[in-house]
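> For reference, the file data-v9.cif (mmCIF, C-alpha atoms and all ligand atoms) is included below:
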data_start
#
loop_
_atom_site.label_atom_id
_atom_site.label_comp_id
_atom_site.auth_asym_id
_atom_site.auth_seq_id
_atom_site.Cartn_x
_atom_site.Cartn_y
_atom_site.Cartn_z
CA MET I 60 0.00 0.00 0.00
CA ASP I 61 1.59 3.21 -1.14
CA LEU I 62 1.66 6.26 1.11
CA ASN I 63 -0.24 8.18 -1.52
CA ARG I 64 -3.28 6.09 -0.41
CA LEU I 65 -2.86 7.39 3.14
CA CYS I 66 -5.17 10.23 4.13
CA VAL I 67 -5.10 11.98 7.50
CA HIS I 68 -8.07 13.73 9.11
CA THR I 69 -7.23 17.20 10.41
CA ILE I 70 -8.81 16.24 13.78
CA THR I 71 -6.07 13.57 14.11
CA THR I 72 -3.48 16.34 14.41
CA LYS I 73 -5.90 18.75 16.10
CA PRO I 74 -3.24 21.08 17.57
CA TRP I 75 -2.05 21.98 14.05
CA THR I 76 -3.50 24.73 11.86
CA LEU I 77 -4.62 23.71 8.38
CA LEU I 78 -1.45 25.17 6.89
CA GLN I 79 0.82 23.30 9.32
CA ALA I 80 -1.07 20.08 8.62
CA LEU I 81 -0.81 20.51 4.85
CA GLN I 82 2.91 21.25 4.97
CA SER I 83 3.73 18.36 7.29
CA TYR I 84 1.46 15.84 5.54
CA GLN I 85 3.00 16.80 2.22
CA ASN I 86 6.54 16.50 3.59
CA ALA I 87 5.68 13.06 4.98
CA GLY I 88 4.34 11.88 1.62
CA VAL I 89 0.73 11.62 2.77
CA GLY I 90 -1.60 11.62 -0.25
CA GLY I 91 -4.88 12.90 1.14
CA ILE I 92 -6.50 15.13 3.74
CA SER I 93 -9.99 15.05 5.22
CA ILE I 94 -10.97 18.39 6.60
CA TRP I 95 -12.96 18.91 9.77
CA GLN I 96 -15.04 22.04 9.98
CA ASN I 97 -13.10 23.40 12.98
CA ALA I 98 -9.89 23.39 10.90
CA ILE I 99 -11.19 26.16 8.66
CA GLU I 100 -13.13 28.13 11.27
CA ASN I 101 -10.67 30.99 11.52
CA ILE I 102 -9.40 30.93 7.97
CA GLY I 103 -12.26 31.53 5.56
CA PHE I 104 -12.94 29.54 2.43
CA ALA I 105 -11.02 31.52 -0.15
CA GLU I 106 -7.88 31.34 1.96
CA ALA I 107 -8.38 27.65 2.81
CA ARG I 108 -8.98 26.79 -0.84
CA LYS I 109 -5.81 28.62 -1.82
CA MET I 110 -3.80 26.69 0.78
CA LEU I 111 -5.24 23.43 -0.52
CA ASP I 112 -4.47 24.36 -4.13
CA ASP I 113 -0.90 25.21 -3.14
CA HIS I 114 -0.21 21.68 -1.86
CA GLU I 115 0.05 18.32 -3.58
CA ILE I 116 -2.58 16.77 -1.37
CA GLU I 117 -6.00 15.56 -2.41
CA VAL I 118 -9.05 16.66 -0.43
CA VAL I 119 -10.85 13.42 0.39
CA SER I 120 -13.83 14.48 2.49
CA TYR I 121 -15.37 17.19 4.58
CA VAL I 122 -16.35 16.26 8.14
CA ARG I 123 -18.95 16.10 9.49
CA GLY I 124 -22.57 16.71 8.70
CA GLY I 125 -25.59 14.77 9.89
CA PHE I 126 -27.15 14.97 13.37
CA PHE I 127 -30.61 14.99 11.81
CA PRO I 128 -32.80 13.72 14.69
CA ALA I 129 -34.32 16.24 17.08
CA ASP I 130 -37.40 16.28 19.29
CA SER I 131 -38.91 19.29 17.53
CA GLU I 132 -39.77 20.18 13.97
CA ALA I 133 -37.71 23.35 14.37
CA GLY I 134 -34.68 21.36 15.48
CA ARG I 135 -34.96 19.01 12.53
CA SER I 136 -35.29 21.77 9.95
CA GLN I 137 -32.37 23.60 11.55
CA ALA I 138 -30.28 20.44 11.09
CA ILE I 139 -31.29 20.23 7.43
CA GLY I 140 -30.31 23.86 6.90
CA HIS I 141 -26.98 23.26 8.59
CA ASN I 142 -26.26 20.26 6.37
CA LYS I 143 -27.06 22.21 3.22
CA TYR I 144 -24.66 24.87 4.43
CA MET I 145 -21.99 22.23 5.06
CA LEU I 146 -22.47 20.97 1.52
CA ASP I 147 -21.78 24.51 0.28
CA GLU I 148 -18.66 24.56 2.45
CA ALA I 149 -17.54 21.19 1.07
CA ALA I 150 -18.02 22.50 -2.46
CA ALA I 151 -16.02 25.63 -1.66
CA LEU I 152 -13.16 23.44 -0.43
CA GLY I 153 -13.34 21.09 -3.40
CA ALA I 154 -14.24 18.11 -1.18
CA PRO I 155 -15.97 15.30 -3.11
CA SER I 156 -17.86 13.97 -0.09
CA LEU I 157 -19.48 14.95 3.19
CA VAL I 158 -19.34 12.47 6.07
CA LEU I 159 -22.64 12.08 7.92
CA VAL I 160 -22.61 11.28 11.61
CA CYS I 161 -26.30 10.69 11.42
CA GLY I 162 -27.40 11.58 14.96
CA ALA I 163 -29.79 10.29 17.61
CA HIS I 164 -31.91 11.79 20.35
CA PRO I 165 -32.03 10.08 23.75
CA GLY I 166 -35.62 11.22 24.31
CA GLN I 167 -37.02 9.16 21.45
CA SER I 168 -36.68 5.64 20.07
CA LEU I 169 -33.89 4.62 17.72
CA GLN I 170 -36.57 3.78 15.13
CA THR I 171 -37.89 7.34 15.30
CA SER I 172 -34.36 8.72 14.99
CA ARG I 173 -33.70 6.49 11.98
CA ALA I 174 -36.86 7.72 10.28
CA GLN I 175 -35.73 11.30 10.89
CA ILE I 176 -32.27 10.49 9.48
CA LYS I 177 -33.94 9.17 6.33
CA GLN I 178 -36.03 12.35 6.06
CA GLY I 179 -32.95 14.48 6.62
CA ILE I 180 -30.94 12.78 3.88
CA GLU I 181 -33.94 12.99 1.57
CA ALA I 182 -34.14 16.73 2.18
CA ILE I 183 -30.49 17.48 1.42
CA LEU I 184 -29.95 14.98 -1.40
CA PRO I 185 -31.04 17.32 -4.23
CA HIS I 186 -28.50 19.88 -3.01
CA ALA I 187 -25.77 17.21 -2.84
CA GLU I 188 -26.66 16.15 -6.40
CA ASP I 189 -26.48 19.75 -7.64
CA LEU I 190 -23.04 20.18 -6.09
CA GLU I 191 -21.94 16.64 -7.02
CA ILE I 192 -20.93 15.80 -3.47
CA LYS I 193 -21.39 12.31 -2.07
CA LEU I 194 -23.10 11.89 1.29
CA SER I 195 -21.34 9.15 3.26
CA ILE I 196 -23.41 7.57 5.98
CA GLU I 197 -21.03 6.51 8.75
CA PRO I 198 -22.37 3.83 11.10
CA LEU I 199 -21.15 4.47 14.66
CA HIS I 200 -20.38 1.99 17.43
CA PRO I 201 -23.53 1.28 19.51
CA MET I 202 -21.96 2.98 22.55
CA TYR I 203 -22.86 6.21 20.72
CA ALA I 204 -26.48 5.25 20.00
CA ASP I 205 -27.81 7.66 22.63
CA THR I 206 -26.82 10.95 21.05
CA ARG I 207 -24.50 10.49 18.08
CA SER I 208 -25.99 7.89 15.77
CA ALA I 209 -28.96 5.58 15.48
CA ILE I 210 -27.13 3.90 12.58
CA ASN I 211 -24.87 1.42 14.34
CA THR I 212 -24.12 -1.40 11.95
CA LEU I 213 -22.94 -1.59 8.38
CA ALA I 214 -26.14 -3.49 7.55
CA GLN I 215 -28.20 -0.47 8.67
CA ALA I 216 -26.02 1.91 6.66
CA ASN I 217 -26.28 -0.38 3.62
CA ASP I 218 -30.07 -0.48 4.01
CA MET I 219 -30.20 3.31 4.09
CA ALA I 220 -27.86 3.78 1.13
CA GLU I 221 -29.72 1.17 -0.93
CA TYR I 222 -33.04 2.83 -0.10
CA PHE I 223 -31.81 6.01 -1.79
CA ASP I 224 -30.10 4.09 -4.60
CA SER I 225 -28.25 7.25 -5.63
CA LEU I 226 -24.75 7.86 -6.91
CA TRP I 227 -24.63 10.62 -4.28
CA VAL I 228 -25.39 8.49 -1.21
CA GLY I 229 -22.92 5.93 0.09
CA VAL I 230 -21.25 4.65 3.23
CA ALA I 231 -18.15 5.44 5.28
CA ILE I 232 -16.70 2.29 6.86
CA ASP I 233 -14.74 2.97 10.05
CA VAL I 234 -12.96 0.02 11.69
CA TYR I 235 -13.30 1.62 15.14
CA HIS I 236 -17.08 1.45 14.93
CA LEU I 237 -17.54 -1.84 13.11
CA TRP I 238 -14.72 -4.27 13.97
CA TRP I 239 -16.87 -6.25 16.44
CA ASP I 240 -19.72 -6.96 14.03
CA PRO I 241 -20.05 -10.70 13.17
CA ASP I 242 -21.64 -9.73 9.82
CA LEU I 243 -18.95 -7.22 8.91
CA TYR I 244 -17.31 -9.05 6.00
CA GLN I 245 -20.62 -10.02 4.46
CA GLN I 246 -21.81 -6.42 4.73
CA ILE I 247 -18.57 -5.08 3.24
CA GLU I 248 -19.13 -7.35 0.26
CA ARG I 249 -22.73 -6.10 -0.04
CA CYS I 250 -21.56 -2.48 0.21
CA GLY I 251 -19.12 -3.08 -2.64
CA GLN I 252 -21.68 -4.85 -4.80
CA HIS I 253 -23.93 -1.80 -4.61
CA ASN I 254 -21.07 0.61 -5.25
CA ASN I 255 -21.70 2.26 -1.91
CA MET I 256 -18.19 2.30 -0.44
CA VAL I 257 -17.30 5.97 -0.30
CA ALA I 258 -14.79 6.12 2.55
CA TYR I 259 -12.63 3.91 4.75
CA HIS I 260 -11.46 5.10 8.18
CA ILE I 261 -8.75 3.40 10.22
CA CYS I 262 -7.36 3.61 13.76
CA ASP I 263 -7.33 1.05 16.60
CA TRP I 264 -9.32 0.08 19.68
CA LYS I 265 -7.08 0.28 22.73
CA SER I 266 -7.64 -2.25 25.46
CA PRO I 267 -8.44 -0.92 27.94
CA THR I 268 -9.97 2.17 26.37
CA ASN I 269 -9.86 4.93 28.95
CA ASP I 270 -12.25 7.33 27.28
CA MET I 271 -15.19 6.52 25.03
CA LEU I 272 -14.41 9.37 22.68
CA ASN I 273 -10.84 10.55 22.93
CA ASP I 274 -8.69 7.47 23.49
CA ARG I 275 -8.42 5.90 20.06
CA GLY I 276 -5.23 4.09 19.20
CA LEU I 277 -2.74 4.05 16.37
CA MET I 278 -3.12 1.21 13.91
CA GLY I 279 -1.50 -1.88 15.43
CA GLU I 280 -1.83 -0.66 19.00
CA GLY I 281 -5.13 -2.33 19.82
CA CYS I 282 -7.30 -5.32 19.06
CA ILE I 283 -8.82 -4.49 15.64
CA PRO I 284 -7.74 -6.86 12.83
CA ILE I 285 -7.16 -3.89 10.52
CA ARG I 286 -5.19 -5.71 7.86
CA GLU I 287 -7.84 -8.41 7.63
CA ILE I 288 -10.64 -5.82 7.35
CA SER I 289 -8.65 -3.85 4.77
CA ASP I 290 -8.19 -7.00 2.72
CA GLN I 291 -11.98 -7.45 2.66
CA ILE I 292 -12.44 -3.81 1.69
CA LEU I 293 -10.01 -4.14 -1.20
CA LYS I 294 -11.55 -7.44 -2.25
CA ALA I 295 -14.94 -5.70 -2.40
CA GLY I 296 -13.50 -3.23 -4.90
CA PHE I 297 -12.58 -0.21 -2.78
CA ASP I 298 -9.70 1.77 -4.28
CA GLY I 299 -9.96 5.00 -2.29
CA PHE I 300 -7.95 6.42 0.56
CA HIS I 301 -7.26 4.78 3.91
CA GLU I 302 -8.13 7.65 6.23
CA VAL I 303 -6.49 7.85 9.64
CA GLU I 304 -8.98 9.32 12.07
CA ILE I 305 -7.70 9.30 15.65
CA PHE I 306 -9.23 11.29 18.52
CA SER I 307 -6.74 11.01 21.35
CA GLU I 308 -5.82 13.30 24.22
CA HIS I 309 -2.66 11.22 24.55
CA TYR I 310 -1.53 11.86 20.97
CA TRP I 311 -2.77 15.45 20.87
CA ASN I 312 -0.45 16.14 23.82
CA MET I 313 2.50 14.78 21.89
CA ASP I 314 4.73 16.66 19.45
CA GLN I 315 2.56 16.41 16.32
CA GLU I 316 5.50 15.98 13.97
CA ASN I 317 6.57 12.91 15.96
CA PHE I 318 2.97 11.69 16.01
CA LEU I 319 2.72 11.99 12.22
CA GLY I 320 5.91 9.94 11.98
CA LEU I 321 4.24 7.23 14.08
CA ILE I 322 1.15 7.31 11.84
CA VAL I 323 3.25 6.77 8.72
CA GLU I 324 5.21 4.00 10.44
CA ALA I 325 1.99 2.29 11.64
CA PHE I 326 0.45 2.56 8.16
CA ASN I 327 3.55 0.99 6.60
CA ASN I 328 3.62 -1.77 9.23
CA ILE I 329 -0.02 -2.70 8.71
CA TYR I 330 0.41 -3.02 4.96
CA SER I 331 3.94 -4.42 4.77
ZN ZN J 401 -14.79 7.68 11.05
#
Translate the structure described by the file into structure tokens.

Amino acid sequence: MDLNRLCVHTITTKPWTLLQALQSYQNAGVGGISIWQNAIENIGFAEARKMLDDHEIEVVSYVRGGFFPADSEAGRSQAIGHNKYMLDEAAALGAPSLVLVCGAHPGQSLQTSRAQIKQGIEAILPHAEDLEIKLSIEPLHPMYADTRSAINTLAQANDMAEYFDSLWVGVAIDVYHLWWDPDLYQQIERCGQHNNMVAYHICDWKSPTNDMLNDRGLMGEGCIPIREISDQILKAGFDGFHEVEIFSEHYWNMDQENFLGLIVEAFNNIYS
């Protein structure tokens, strides 16, 4: 696996500005960048786009839209408006896809949240089509089913993507959220058969995990069979980027240049 297939999410090196990230990723030979909204907050789109154009790095995705469910009509339409705005932002940055962390509301059933997710995607799909930006539904680990996502398995994400049956709706497969699923390989195959594999996120599950959100591990550091999952992904026809998405207080506290070195080393080790 060549380093030009490695993509790093800006949140992974959160302490860095977009410019620092672009320079260091480029120097390290990283091929792609996925941009989180907070990374461009203080820059503005024209400036961010110029920085991106000035570097030999491909923009892979913009992160993260979604969060459609709410317990009021006003809340739901606000979410739809926000997602349309994020699609405009993605277009301004030249990102070909928007990752959807679909959302959930603890005051209502998961079924209700899923219906609202479907309505939300339906409402923003015409805008995504106009801008030619793919919506990638990312199933999240069930430990986040209370507030972050009512889509918790790849089967559910596949169901949703196949319901829309659109070139502009697909799935983001993240090993952190899905490694435990006994149906994972079957569902990866299904995702490939329907041409719904838009993105592939990698990191590792540390054991023990000390924080449910911000203690993800470097590839090879935990218990996820990443190489085996990647082999299934490739077998199913995925030829996109392998995106490193690590939220970690431990690594954010480290010198980020050293951390990036560890990411490249871990990527090479996994695929050697
Ligand atoms: Zn992810």
> How would you write, as an MDAnalysis selection string, the set of residues no farther than 12 Å from ligand ZN 401 (chain J) when counting all atoms listed in the file?
chainID I and resid 67:68 70:71 93 95 120:123 157:161 195:200 230:237 257:263 272 275 301:306
> Using all atoms listed in the file, which of the listed residues (I:Gly125, I:Ala105, I:Glu115, I:Asn255) sits closest to Asn86 of chain I?
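Under the stated criterion, the closest residue is I:Glu115.
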> May I ask which of the residues I:Ala163, I:Ala87, I:Ile192, I:Leu62 is the closest one to Ala204 of chain I, counting all atoms listed in the file?
I:Ala163
> Considering all atoms listed in the file, state which residue in the set I:Leu169, I:Leu213, I:Leu184, I:Ile92 is at the smallest distance from Ser225 of chain I.
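Of all the options, I:Leu184 lies closest to Ser225 of chain I.
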> State, in Å with one decimal place, the distance from atom CA of Asp189 of chain I to atom CA of Phe126 of chain I.
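So the two atoms, atom CA of Asp189 of chain I and atom CA of Phe126 of chain I, lie 21.6 Å apart.
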> Between atom CA of Asp112 of chain I and atom CA of Phe318 of chain I, what distance in Å does the model show, to one decimal?
24.9 Å
> Counting only C-alpha atoms, find the residues whose atoms lie at most 8 Å from (-1.7, 2.2, 10.6) (file coordinates) and write them out as a list in words.
Ile261, Cys262, Leu277, Met278, Gly279, Val303, Ile322, Val323, Glu324, Ala325, Phe326, Asn327, Asn328, Ile329 and Tyr330 of chain I
> Which residues are close to Gln167 of chain I, i.e. within 9 Å by all atoms listed in the file, leaving aside same-chain residues fewer than 4 positions away? Reply as a PyMOL selection string.
chain I and resi 129-130+163+171-172
> Report, in Å to a single decimal, how far apart atom CA of Met313 of chain I and atom CA of Asn269 of chain I are.
17.3 Å
> Within 10 Å of (-11.8, 23.8, 9.5) in the file's own coordinates, which protein, DNA or RNA residues have an atom, counting all atoms listed in the file? List them as a list in words.
Thr69, Ile70, Thr76, Leu77, Ser93, Ile94, Trp95, Gln96, Asn97, Ala98, Ile99, Glu100, Asn101, Ile102, Gly103, Phe104, Ala107, Tyr121, Val122 and Glu148 of chain I
> Identify which of the residues I:Asn254, I:Ile139, I:Val228, I:Lys73 lies closest to Trp311 of chain I, counting all atoms listed in the file when measuring atom-to-atom distances.
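Selected residue with least distance to Trp311 of chain I: I:Lys73.
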> Residues at most 12 Å from Ala150 of chain I, counting all atoms listed in the file, excluding those fewer than 3 positions away in the same chain, as a VMD selection string?
chain I and resid 104 to 105 108 118 to 121 143 to 147 153 to 157 186 to 193
> Set the distance at 10 Å and use only C-alpha atoms: which residues neighbour Gln245 of chain I once local chain neighbours fewer than 4 positions away are removed? I'd like the list as a ChimeraX atom specification.
/I:213-214,241,249-250,291,295
> Find the residue from I:Thr206, I:Gln82, I:Ser136, I:Asn63 that sits nearest to Glu117 of chain I; use only C-alpha atoms when measuring.
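Distance minimum relative to Glu117 of chain I lands on I:Asn63.
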> With only C-alpha atoms as the basis for distance, which of I:Gln252, I:Trp238, I:Tyr310, I:Leu111 is at the shortest distance from Ile285 of chain I?
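Using only C-alpha atoms, the shortest distance to Ile285 of chain I belongs to I:Trp238.
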> Find the axis-aligned box for segment 152-167 of chain I, covering all its listed atoms and adding 6 Å on each side, and write its centre and edge lengths in Å to one decimal as JSON.

{"center_x": -25.1, "center_y": 16.3, "center_z": 10.5, "size_x": 35.9, "size_y": 26.3, "size_z": 39.7}
